[in-house]
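With compact mmCIF, N, CA and C atoms inside, this is work_10.txt:
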```
# COMPACT_ATOMS: atom_id res chain seq x y z
N MET A 2 -25.47 -23.85 2.45
CA MET A 2 -24.49 -22.91 1.93
C MET A 2 -24.98 -22.38 0.60
N GLY A 3 -24.76 -21.10 0.41
CA GLY A 3 -25.19 -20.46 -0.82
C GLY A 3 -24.12 -20.49 -1.87
N GLY A 4 -24.50 -20.19 -3.09
CA GLY A 4 -23.55 -20.13 -4.18
C GLY A 4 -22.84 -18.79 -4.24
N TRP A 5 -21.77 -18.76 -4.99
CA TRP A 5 -20.99 -17.54 -5.14
C TRP A 5 -21.24 -16.95 -6.51
N ILE A 6 -21.27 -15.65 -6.57
CA ILE A 6 -21.32 -14.92 -7.84
C ILE A 6 -20.07 -14.06 -7.84
N LEU A 7 -19.28 -14.11 -8.89
CA LEU A 7 -18.05 -13.34 -8.96
C LEU A 7 -18.24 -12.18 -9.92
N VAL A 8 -18.02 -10.99 -9.41
CA VAL A 8 -18.04 -9.78 -10.23
C VAL A 8 -16.60 -9.30 -10.26
N THR A 9 -16.04 -9.08 -11.44
CA THR A 9 -14.63 -8.74 -11.52
C THR A 9 -14.40 -7.67 -12.57
N SER A 10 -13.23 -7.04 -12.50
CA SER A 10 -12.81 -6.09 -13.53
C SER A 10 -11.51 -6.60 -14.12
N ASP A 11 -11.04 -5.95 -15.19
CA ASP A 11 -9.77 -6.34 -15.79
C ASP A 11 -8.60 -5.91 -14.92
N TRP A 12 -8.87 -5.10 -13.92
CA TRP A 12 -7.81 -4.56 -13.10
C TRP A 12 -7.71 -5.31 -11.79
N GLY A 13 -7.64 -4.62 -10.67
CA GLY A 13 -7.33 -5.28 -9.42
C GLY A 13 -8.45 -5.46 -8.44
N LEU A 14 -9.70 -5.17 -8.81
CA LEU A 14 -10.78 -5.23 -7.85
C LEU A 14 -11.73 -6.36 -8.21
N LYS A 15 -11.96 -7.27 -7.25
CA LYS A 15 -12.87 -8.39 -7.46
C LYS A 15 -13.88 -8.41 -6.33
N ILE A 16 -15.12 -8.63 -6.66
CA ILE A 16 -16.18 -8.67 -5.66
C ILE A 16 -16.89 -10.00 -5.76
N SER A 17 -16.99 -10.72 -4.66
CA SER A 17 -17.70 -12.00 -4.61
C SER A 17 -18.95 -11.82 -3.77
N LEU A 18 -20.06 -12.28 -4.28
CA LEU A 18 -21.33 -12.17 -3.58
C LEU A 18 -21.82 -13.55 -3.18
N SER A 19 -22.30 -13.67 -1.98
CA SER A 19 -22.87 -14.92 -1.51
C SER A 19 -24.18 -14.60 -0.83
N LYS A 20 -25.22 -15.33 -1.15
CA LYS A 20 -26.50 -15.03 -0.52
C LYS A 20 -26.51 -15.34 0.96
N ASP A 21 -25.58 -16.19 1.43
CA ASP A 21 -25.52 -16.53 2.84
C ASP A 21 -24.51 -15.71 3.64
N TRP A 22 -23.40 -15.35 3.04
CA TRP A 22 -22.32 -14.73 3.80
C TRP A 22 -22.08 -13.26 3.50
N GLY A 23 -22.69 -12.68 2.54
CA GLY A 23 -22.48 -11.27 2.25
C GLY A 23 -21.51 -11.05 1.10
N ILE A 24 -20.86 -9.91 1.14
CA ILE A 24 -20.00 -9.50 0.03
C ILE A 24 -18.54 -9.53 0.48
N GLU A 25 -17.72 -10.23 -0.29
CA GLU A 25 -16.29 -10.29 -0.02
C GLU A 25 -15.56 -9.54 -1.13
N ILE A 26 -14.68 -8.64 -0.74
CA ILE A 26 -13.90 -7.84 -1.68
C ILE A 26 -12.47 -8.38 -1.69
N LYS A 27 -11.91 -8.52 -2.88
CA LYS A 27 -10.51 -8.93 -3.01
C LYS A 27 -9.81 -7.92 -3.90
N ILE A 28 -8.76 -7.34 -3.37
CA ILE A 28 -7.95 -6.39 -4.13
C ILE A 28 -6.64 -7.08 -4.49
N ASP A 29 -6.35 -7.17 -5.77
CA ASP A 29 -5.06 -7.66 -6.27
C ASP A 29 -4.38 -6.48 -6.94
N ALA A 30 -3.19 -6.13 -6.47
CA ALA A 30 -2.49 -4.99 -7.03
C ALA A 30 -0.98 -5.19 -6.91
N LYS A 31 -0.25 -4.24 -7.49
CA LYS A 31 1.21 -4.29 -7.48
C LYS A 31 1.75 -2.92 -7.11
N LEU A 32 2.71 -2.91 -6.17
CA LEU A 32 3.35 -1.68 -5.74
C LEU A 32 4.64 -1.46 -6.52
N LEU A 33 4.81 -0.24 -7.02
CA LEU A 33 6.00 0.10 -7.80
C LEU A 33 6.59 1.42 -7.32
N ASP A 34 7.91 1.54 -7.46
CA ASP A 34 8.61 2.79 -7.16
C ASP A 34 8.23 3.80 -8.24
N GLN A 35 7.82 4.99 -7.83
CA GLN A 35 7.36 6.01 -8.76
C GLN A 35 8.45 6.43 -9.74
N GLN A 36 9.71 6.44 -9.30
CA GLN A 36 10.80 6.90 -10.15
C GLN A 36 11.38 5.79 -11.02
N THR A 37 11.69 4.65 -10.41
CA THR A 37 12.38 3.58 -11.13
C THR A 37 11.44 2.55 -11.76
N LYS A 38 10.18 2.55 -11.31
CA LYS A 38 9.16 1.59 -11.75
C LYS A 38 9.49 0.16 -11.32
N GLN A 39 10.40 0.01 -10.35
CA GLN A 39 10.75 -1.30 -9.81
C GLN A 39 9.75 -1.71 -8.74
N PRO A 40 9.52 -3.03 -8.57
CA PRO A 40 8.58 -3.51 -7.54
C PRO A 40 9.04 -3.13 -6.14
N ILE A 41 8.08 -2.94 -5.25
CA ILE A 41 8.37 -2.64 -3.85
C ILE A 41 7.93 -3.84 -3.01
N ALA A 42 8.90 -4.53 -2.45
CA ALA A 42 8.63 -5.73 -1.65
C ALA A 42 8.41 -5.37 -0.18
N TYR A 43 7.65 -6.21 0.49
CA TYR A 43 7.47 -6.19 1.95
C TYR A 43 6.82 -4.90 2.48
N ALA A 44 5.94 -4.31 1.69
CA ALA A 44 5.18 -3.15 2.15
C ALA A 44 3.97 -3.64 2.95
N ASN A 45 3.56 -2.87 3.92
CA ASN A 45 2.37 -3.17 4.72
C ASN A 45 1.16 -2.48 4.09
N ILE A 46 0.11 -3.24 3.86
CA ILE A 46 -1.12 -2.73 3.27
C ILE A 46 -2.27 -3.14 4.17
N GLY A 47 -3.07 -2.19 4.63
CA GLY A 47 -4.17 -2.59 5.48
C GLY A 47 -5.05 -1.45 5.91
N PHE A 48 -6.17 -1.82 6.52
CA PHE A 48 -7.10 -0.84 7.06
C PHE A 48 -6.69 -0.50 8.48
N VAL A 49 -6.49 0.79 8.73
CA VAL A 49 -6.06 1.28 10.02
C VAL A 49 -7.13 0.93 11.07
N GLU A 50 -6.69 0.38 12.18
CA GLU A 50 -7.55 0.04 13.32
C GLU A 50 -8.60 -1.03 13.02
N LYS A 51 -8.44 -1.83 11.98
CA LYS A 51 -9.39 -2.89 11.67
C LYS A 51 -8.78 -4.28 11.78
N GLY A 52 -7.47 -4.38 11.87
CA GLY A 52 -6.84 -5.68 11.94
C GLY A 52 -6.93 -6.45 10.64
N ILE A 53 -7.11 -5.74 9.54
CA ILE A 53 -7.21 -6.36 8.21
C ILE A 53 -6.04 -5.84 7.39
N GLY A 54 -5.15 -6.74 6.97
CA GLY A 54 -4.00 -6.28 6.22
C GLY A 54 -3.21 -7.41 5.60
N THR A 55 -2.19 -7.02 4.87
CA THR A 55 -1.32 -7.98 4.19
C THR A 55 0.02 -7.32 3.92
N VAL A 56 0.93 -8.06 3.29
CA VAL A 56 2.26 -7.58 2.95
C VAL A 56 2.52 -7.91 1.48
N SER A 57 3.17 -6.99 0.76
CA SER A 57 3.51 -7.26 -0.64
C SER A 57 4.65 -8.28 -0.72
N ASN A 58 4.65 -9.08 -1.78
CA ASN A 58 5.70 -10.09 -1.96
C ASN A 58 6.92 -9.49 -2.65
N GLU A 59 7.89 -10.32 -3.01
CA GLU A 59 9.14 -9.86 -3.63
C GLU A 59 8.90 -9.13 -4.95
N LYS A 60 7.80 -9.44 -5.62
CA LYS A 60 7.47 -8.81 -6.91
C LYS A 60 6.59 -7.57 -6.72
N GLY A 61 6.35 -7.18 -5.47
CA GLY A 61 5.52 -6.01 -5.19
C GLY A 61 4.03 -6.31 -5.24
N GLU A 62 3.66 -7.56 -5.44
CA GLU A 62 2.25 -7.94 -5.59
C GLU A 62 1.63 -8.22 -4.22
N PHE A 63 0.33 -7.93 -4.12
CA PHE A 63 -0.39 -8.26 -2.89
C PHE A 63 -1.85 -8.52 -3.20
N SER A 64 -2.49 -9.26 -2.30
CA SER A 64 -3.93 -9.50 -2.32
C SER A 64 -4.46 -9.13 -0.95
N LEU A 65 -5.50 -8.32 -0.93
CA LEU A 65 -6.14 -7.91 0.31
C LEU A 65 -7.60 -8.31 0.22
N VAL A 66 -8.04 -9.16 1.15
CA VAL A 66 -9.41 -9.67 1.15
C VAL A 66 -10.12 -9.20 2.42
N TYR A 67 -11.36 -8.71 2.25
CA TYR A 67 -12.13 -8.27 3.41
C TYR A 67 -13.63 -8.35 3.12
N ASP A 68 -14.41 -8.46 4.18
CA ASP A 68 -15.87 -8.44 4.06
C ASP A 68 -16.33 -6.99 3.99
N GLU A 69 -17.15 -6.70 3.00
CA GLU A 69 -17.58 -5.31 2.80
C GLU A 69 -18.32 -4.76 4.03
N ASP A 70 -19.09 -5.59 4.69
CA ASP A 70 -19.86 -5.09 5.83
C ASP A 70 -18.99 -4.83 7.08
N LYS A 71 -17.73 -5.24 7.07
CA LYS A 71 -16.84 -5.00 8.20
C LYS A 71 -15.97 -3.76 8.01
N VAL A 72 -15.96 -3.23 6.78
CA VAL A 72 -15.12 -2.07 6.47
C VAL A 72 -15.99 -1.01 5.80
N GLY A 73 -16.21 0.10 6.50
CA GLY A 73 -17.03 1.18 5.97
C GLY A 73 -16.34 1.94 4.84
N GLU A 74 -17.12 2.68 4.06
CA GLU A 74 -16.58 3.42 2.92
C GLU A 74 -15.52 4.44 3.31
N ASN A 75 -15.63 4.98 4.52
CA ASN A 75 -14.70 6.01 4.95
C ASN A 75 -13.56 5.49 5.81
N GLU A 76 -13.45 4.16 5.93
CA GLU A 76 -12.31 3.58 6.65
C GLU A 76 -11.03 3.91 5.88
N ILE A 77 -9.94 4.07 6.62
CA ILE A 77 -8.67 4.45 6.01
C ILE A 77 -7.83 3.22 5.68
N LEU A 78 -7.42 3.14 4.42
CA LEU A 78 -6.48 2.11 3.96
C LEU A 78 -5.11 2.78 3.90
N GLN A 79 -4.11 2.10 4.41
CA GLN A 79 -2.76 2.66 4.46
C GLN A 79 -1.76 1.71 3.83
N ILE A 80 -0.85 2.27 3.05
CA ILE A 80 0.26 1.50 2.48
C ILE A 80 1.54 2.15 2.97
N SER A 81 2.38 1.37 3.66
CA SER A 81 3.62 1.94 4.19
C SER A 81 4.77 0.95 4.06
N VAL A 82 5.94 1.52 3.83
CA VAL A 82 7.16 0.74 3.73
C VAL A 82 8.33 1.69 3.96
N LEU A 83 9.37 1.21 4.59
CA LEU A 83 10.54 2.02 4.88
C LEU A 83 11.13 2.57 3.58
N GLY A 84 11.41 3.86 3.58
CA GLY A 84 12.04 4.48 2.42
C GLY A 84 11.07 5.12 1.44
N TYR A 85 9.76 5.03 1.74
CA TYR A 85 8.73 5.60 0.85
C TYR A 85 7.73 6.39 1.67
N GLU A 86 7.12 7.38 1.02
CA GLU A 86 6.06 8.13 1.68
C GLU A 86 4.86 7.22 1.88
N THR A 87 4.22 7.33 3.03
CA THR A 87 3.04 6.52 3.34
C THR A 87 1.86 7.03 2.52
N LEU A 88 1.13 6.10 1.94
CA LEU A 88 -0.06 6.42 1.14
C LEU A 88 -1.29 6.07 1.96
N THR A 89 -2.21 7.02 2.08
CA THR A 89 -3.47 6.76 2.77
C THR A 89 -4.63 7.22 1.90
N ALA A 90 -5.72 6.48 1.96
CA ALA A 90 -6.93 6.80 1.20
C ALA A 90 -8.10 6.12 1.88
N THR A 91 -9.30 6.64 1.66
CA THR A 91 -10.46 5.94 2.17
C THR A 91 -10.70 4.70 1.32
N LYS A 92 -11.46 3.76 1.86
CA LYS A 92 -11.79 2.55 1.10
C LYS A 92 -12.45 2.93 -0.21
N LYS A 93 -13.36 3.88 -0.17
CA LYS A 93 -14.09 4.31 -1.36
C LYS A 93 -13.13 4.88 -2.41
N GLN A 94 -12.20 5.74 -2.00
CA GLN A 94 -11.22 6.32 -2.93
C GLN A 94 -10.34 5.23 -3.55
N PHE A 95 -9.90 4.30 -2.71
CA PHE A 95 -9.00 3.25 -3.16
C PHE A 95 -9.69 2.33 -4.16
N GLU A 96 -10.92 1.93 -3.87
CA GLU A 96 -11.66 1.06 -4.79
C GLU A 96 -11.93 1.77 -6.11
N ARG A 97 -12.25 3.06 -6.05
CA ARG A 97 -12.47 3.82 -7.28
C ARG A 97 -11.19 3.88 -8.12
N PHE A 98 -10.04 4.10 -7.47
CA PHE A 98 -8.76 4.14 -8.16
C PHE A 98 -8.48 2.81 -8.87
N LEU A 99 -8.79 1.70 -8.20
CA LEU A 99 -8.48 0.38 -8.75
C LEU A 99 -9.42 -0.05 -9.88
N THR A 100 -10.43 0.73 -10.19
CA THR A 100 -11.27 0.38 -11.34
C THR A 100 -10.54 0.71 -12.65
N ASN A 101 -9.45 1.48 -12.58
CA ASN A 101 -8.69 1.86 -13.78
C ASN A 101 -7.34 1.18 -13.91
N THR A 102 -6.76 0.73 -12.82
CA THR A 102 -5.42 0.14 -12.86
C THR A 102 -5.21 -0.75 -11.65
N SER A 103 -4.23 -1.62 -11.72
CA SER A 103 -3.86 -2.43 -10.55
C SER A 103 -2.45 -2.10 -10.09
N ARG A 104 -1.87 -1.04 -10.66
CA ARG A 104 -0.52 -0.63 -10.27
C ARG A 104 -0.59 0.61 -9.39
N ILE A 105 0.12 0.55 -8.27
CA ILE A 105 0.15 1.65 -7.32
C ILE A 105 1.60 2.10 -7.21
N PHE A 106 1.83 3.38 -7.43
CA PHE A 106 3.18 3.93 -7.39
C PHE A 106 3.40 4.68 -6.08
N LEU A 107 4.49 4.34 -5.39
CA LEU A 107 4.86 5.03 -4.16
C LEU A 107 6.05 5.94 -4.42
N LYS A 108 6.01 7.09 -3.78
CA LYS A 108 7.07 8.08 -3.94
C LYS A 108 8.19 7.82 -2.94
N PRO A 109 9.44 7.70 -3.42
CA PRO A 109 10.56 7.51 -2.49
C PRO A 109 10.68 8.69 -1.54
N LYS A 110 11.06 8.39 -0.31
CA LYS A 110 11.24 9.42 0.71
C LYS A 110 12.72 9.72 0.83
N GLN A 111 13.06 10.99 0.84
CA GLN A 111 14.44 11.38 1.04
C GLN A 111 14.77 11.20 2.52
N ILE A 112 15.77 10.40 2.80
CA ILE A 112 16.15 10.15 4.18
C ILE A 112 17.52 10.77 4.43
N PHE A 113 17.54 11.75 5.29
CA PHE A 113 18.78 12.44 5.65
C PHE A 113 18.99 12.30 7.15
N PRO A 114 20.24 12.30 7.59
CA PRO A 114 20.46 12.30 9.04
C PRO A 114 19.97 13.63 9.63
N PRO A 115 19.60 13.63 10.90
CA PRO A 115 19.17 14.88 11.54
C PRO A 115 20.26 15.95 11.41
N ARG A 116 19.84 17.23 11.39
CA ARG A 116 20.79 18.33 11.24
C ARG A 116 21.88 18.30 12.31
N SER A 117 21.52 17.87 13.52
CA SER A 117 22.53 17.82 14.59
C SER A 117 23.64 16.84 14.22
N TRP A 118 23.28 15.73 13.59
CA TRP A 118 24.29 14.76 13.16
C TRP A 118 25.15 15.36 12.04
N GLN A 119 24.51 16.06 11.12
CA GLN A 119 25.25 16.64 10.01
C GLN A 119 26.30 17.62 10.53
N ARG A 120 25.92 18.46 11.51
CA ARG A 120 26.88 19.42 12.09
C ARG A 120 28.02 18.67 12.76
N GLU A 121 27.69 17.63 13.53
CA GLU A 121 28.73 16.86 14.22
C GLU A 121 29.68 16.21 13.23
N LEU A 122 29.14 15.68 12.15
CA LEU A 122 29.99 15.04 11.14
C LEU A 122 30.87 16.05 10.45
N MET A 123 30.35 17.24 10.20
CA MET A 123 31.13 18.27 9.54
C MET A 123 32.22 18.80 10.48
N ASP A 124 31.91 18.88 11.78
CA ASP A 124 32.87 19.39 12.76
C ASP A 124 33.93 18.34 13.10
N GLU A 125 33.57 17.07 13.06
CA GLU A 125 34.47 16.00 13.43
C GLU A 125 35.35 15.64 12.24
N LYS A 126 36.62 15.99 12.32
CA LYS A 126 37.52 15.73 11.20
C LYS A 126 38.41 14.53 11.45
N SER A 127 38.36 13.99 12.67
CA SER A 127 39.24 12.88 13.01
C SER A 127 38.89 11.61 12.25
N TRP A 128 37.67 11.48 11.78
CA TRP A 128 37.28 10.27 11.06
C TRP A 128 37.75 10.31 9.60
N ILE A 129 38.20 11.50 9.15
CA ILE A 129 38.74 11.61 7.79
C ILE A 129 40.26 11.52 7.88
N LYS A 130 40.83 10.49 7.33
CA LYS A 130 42.30 10.34 7.38
C LYS A 130 42.82 10.01 6.03
```
Would it be possible to restate this file's structure as structure tokens?
Amino acid sequence: MGGWILVTSDWGLKISLSKDWGIEIKIDAKLLDQQTKQPIAYANIGFVEKGIGTVSNEKGEFSLVYDEDKVGENEILQISVLGYETLTATKKQFERFLTNTSRIFLKPKQIFPPRSWQRELMDEKSWIK
């Protein structure tokens, strides 16, 4: 077994090198609501079609670990959670972003009932008493 060399930044990107096993990338970051700056819990974070992913905890924090040779630079990383716009970026874009910060802000999604429901609710007056 070979030794490990850890290359890290002050932010959320850590790279571990092993002469026997290759390069392991670990992303530590925190998801926050863009408007309120509150943590976003239980978001799905992962590489589309790669089976590599994780979920943010109650504090909005997550760690995503993957082997560099299994995920190409142009693979798509996706962050999604109910009530927020889905964020997608290539692995290369995402890693570049994390060299400056470990906080990721998601934009709340406006959720309205379909127009057909709105018309029905406006027409239906029996529920208002």
Write out as a PyMOL selection string the residues lying within 9 Å of A:Tyr85, counting only C-alpha atoms and excluding same-chain residues fewer than 6 positions away.
-> chain A and resi 34+107-111
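Each of A:Asp68, A:Ala42, A:Leu32, A:Glu25 was compared to A:Ser103 using only C-alpha atoms, and A:Leu32 turns out to be the nearest.
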Check the DSSP output for the backbone and give back, as a PyMOL selection string, the residues of stretch 29-125 of chain A in strand (DSSP E).
-> chain A and resi 29-34+45-48+53-56+62-68+77-81+88-91+104-107
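Around stretch 45-51 of chain A, within 8 Å and counting all atoms listed in the file, the residues found are Thr55, Val56, Ser57, Leu65, Lys71, Val72, Glu76, Ile77, Leu78, Gln79, Ile80, Ser81, Val82 and Leu83 of chain A, once anything fewer than 4 positions away on its own chain is removed.
Between atom CA of A:Tyr43 and atom C of A:Ile112 the separation is 19.9 Å.
The coordinates place atom CA of A:Pro40 at 24.8 Å from atom N of A:Ile26.
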From stretch 9-115 of chain A, collect each residue whose DSSP state is helix (DSSP H, G or I) and return the set as a PyMOL selection string.
-> chain A and resi 69-71+92-98
What gap, in Å, lies between atom C of A:Gly61 and atom N of A:Ile24?
-> 25.9 Å
